[in-house]
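Read the structure below first, then the notes.
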Amino acid sequence: MATGSAWAPLEAYWPAEELVRNRDRLVGKIEQCYREAHPRGLDPSRGDVESWRESLYEVATALVDSGLGQVWMFVEYRVDPAMNPVDVVLAGRHPVDGLSYAAIELKQWSIVERPHASAPDCGSCASNGGGHLCERCAIDRVYVPSYGKHKKHPAIQVRDNLTSIRRHHSMFDDRYVTLVGASYLHNLKHQDAQWISRVAPCQGIPTFTARQPSDLRAFLKNHFSAAPGEAAAQALLERRRLNSLLADEAGAIISGYSRFSLVENQLQAVNDVMSLVRERPSSGAKRVFVVSGRAGSGKSLVALTLLGEALGEGYEARYVSGGIASRETFRRASRGRGAAFETLNRIADRPAADELDLILCDEAHRLTERPMTGSFAMRPGESSVSVVVTRARVPVFFIDGDQRLFAEEIWSPEALVHEIQRLGAEVVPVMLDRVLRAVGSATYDTWIQRLMAGDPVRWNPDADSDPEPFELYYADSAAQMEKFLQGKEASGASARMSAGMCWDWTDDTGTFPDVTPEEGWARPWNAGDNHKTPGVPKRRYWATEAGGFGQIGCVHTAQGLEYDWGGVILGPDLTWCEAAWRVHREHVRSKASRIQDEEELSRAIRNAYGVLMTRSLRGTVIYSVDPATRQLFADLGVPKV
């Protein structure tokens, strides 16, 4: 029984024909599932039970009468504590091909009235449940006498449910999986109330009443076939997109029982690489995989999944990375598999070619031409790329050209491919073209790309047809940003603040306030790896260990890792001026200051901020020390905290 502070998933699901055949028994089962999912183990209300007994039965009967008894029905569907439960989700096969799903909102209303609109416009009437509405708000509302107030039009609730389902399930990233929604008011029979089905506040989301049984059945037949729906039901159970951080799941991934789901090209990459690992050695050019993708597209997830599968099947596999923080974080979480995470120097010292079955080189864009230390640094002739290619039967590189930051990071995607071909190997390209980190938000990824390219577009988070799941804000001060993120930390989410490379790092204890973006507010950089300050994580664990919120992270400690909420401080090194980004060299610190070419410096600084802005799973807050840059965010429609 659930006894915590949050709802557990309510696992109540059966084929429609079983719900019709065993209604009384299964309603009792639903009640039991409700108690087990409830944070305090409470019983459902009488209204809930009546809805399951009557409303649910109406939908199940419609399915069975339409020859769709094998469509599965998920009752009070909730997979996240913050998710509003969906009355019923249908899962089955589409009449043409593929999996098909429908979210159905059920209402027992027998009387509804048109909304009471009495003003041309207002900014707050939508929250006034018992009062009158403006004409704009009235479109989305109905007046329900039994409640004595206005309620959302059922189609609005369905739209919100569809957004929530897409947010929490990776399968709906696949454009061949169908997801639709509708509402059904099975008690609404009076002729004067039928207007509700003729109002469409959300295009494509129909509302059916008791006077439209044939329309409801036509809707069901259009989206489901009579084929068994077990596969669709299983996918709904298995392919839940977790909000878990990758670092938290690294051990489970490597052990082969992670709850993360691979989608599209991610799964294809894992299958193709493992097929080659399992093959016997063959003649001809060695095949080298180059997996490309933007921040948040799942490169590290694919790498860790491959490492887990290869180790699980007894192959000699190693994970190396151009990023120390991510490699060490994953090593610490690997639960007895730490030896599989090695530095490139140690790999280079192996004398035998093809001694390892698989080498996974994550963050290849951060590799230097040669390892900087160790015996390998003294040998002529070999590059860091050649070490990976020659020491493994199957070498795999993961790269994102937009995350190269410094002059010594020479391996652009083009340079990497050229070097592999120079070594006489065949390049097998794999593109991960779907961003998953920011709750699957392609909109946010595109917005960041355009912003950092100097061609910004408006932020439109509230499009009715496709609401934006990722939250983006800007702040007028670093203090405002910090206060907002502290609230997220207090609610149980992970939050971090990071900044550009424009303040000196004079202290490695994580206590001296080096970062001073505004008068009266200063915070320390993340600590070093050898400090002994209590409660302050080492540099490599700043992004993932408790206590990291008190320090400001940099691109070195954030790259390759993630957290729920991120705050990014844009310093005086990058400002928006006369419709373009301007880099101010006098404010550039760290290794970036060694870059001599102005265009290359601009690329590095913009890439660095792009990395920082793409670390978050749920939302980002941006603050710039420059008023003109903050005005840019406002002009682009970014809401202020």
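Lettering and numbering for the structure tokens are positional, with chains as A, B, ... in the shown order, residues counted from 1 in each chain, and ligands counted from 1 in the shown order.
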Backbone DSSP call of alpha helix (DSSP H) for segment 296-452 of chain A, listed as a VMD selection string: chain A and resid 299 to 312 324 to 332 344 to 348 384 to 391 413 to 422 442 to 452
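If you measure from each of A:Pro537, A:Gly550, A:Pro201, A:Pro228 to Phe512 of chain A using only C-alpha atoms, the closest one turns out to be A:Gly550.
Using only C-alpha atoms, the protein and nucleic acid residues lying no more than 8 Å from segment 622-633 of chain A, apart from those fewer than 4 places from it along its own chain, are Tyr473, Tyr474, Ala475, Asp476, Ser477, Ala478, Met481, Pro517, Glu518, Gly567, Val568, Ile569, Leu570, Gly571, Pro572, Thr575, Trp576, Cys577, Gly637 and Val638 of chain A.
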Restrict the selected residues to C-alpha atoms and save them as an mmCIF file, in the first residue's frame.
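The new file selection.cif reads:
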```cif
data_model
loop_
_atom_site.group_PDB
_atom_site.id
_atom_site.type_symbol
_atom_site.label_atom_id
_atom_site.label_comp_id
_atom_site.auth_asym_id
_atom_site.auth_seq_id
_atom_site.Cartn_x
_atom_site.Cartn_y
_atom_site.Cartn_z
ATOM 1 C CA TYR A 473 12.117 31.848 -17.992
ATOM 2 C CA TYR A 474 14.455 34.789 -17.657
ATOM 3 C CA ALA A 475 15.306 36.732 -14.502
ATOM 4 C CA ASP A 476 16.129 40.390 -13.907
ATOM 5 C CA SER A 477 18.707 39.463 -11.294
ATOM 6 C CA ALA A 478 20.796 36.529 -10.166
ATOM 7 C CA MET A 481 16.957 33.291 -10.382
ATOM 8 C CA PRO A 517 27.397 39.155 -11.652
ATOM 9 C CA GLU A 518 25.674 41.949 -9.702
ATOM 10 C CA GLY A 567 19.938 28.527 -14.003
ATOM 11 C CA VAL A 568 22.426 30.055 -16.443
ATOM 12 C CA ILE A 569 24.252 33.342 -15.812
ATOM 13 C CA LEU A 570 25.405 35.086 -18.986
ATOM 14 C CA GLY A 571 28.328 37.279 -18.068
ATOM 15 C CA PRO A 572 29.853 40.343 -19.718
ATOM 16 C CA THR A 575 26.066 40.427 -24.986
ATOM 17 C CA TRP A 576 23.358 41.154 -27.540
ATOM 18 C CA CYS A 577 24.110 44.354 -29.412
ATOM 19 C CA GLY A 637 8.329 36.241 -25.368
ATOM 20 C CA VAL A 638 10.253 34.462 -22.610
#
```
Would you please give, as a ChimeraX atom specification, all residues of segment 264-313 of chain A that DSSP assigns to strand (DSSP E or B) based on the backbone? /A:287-293
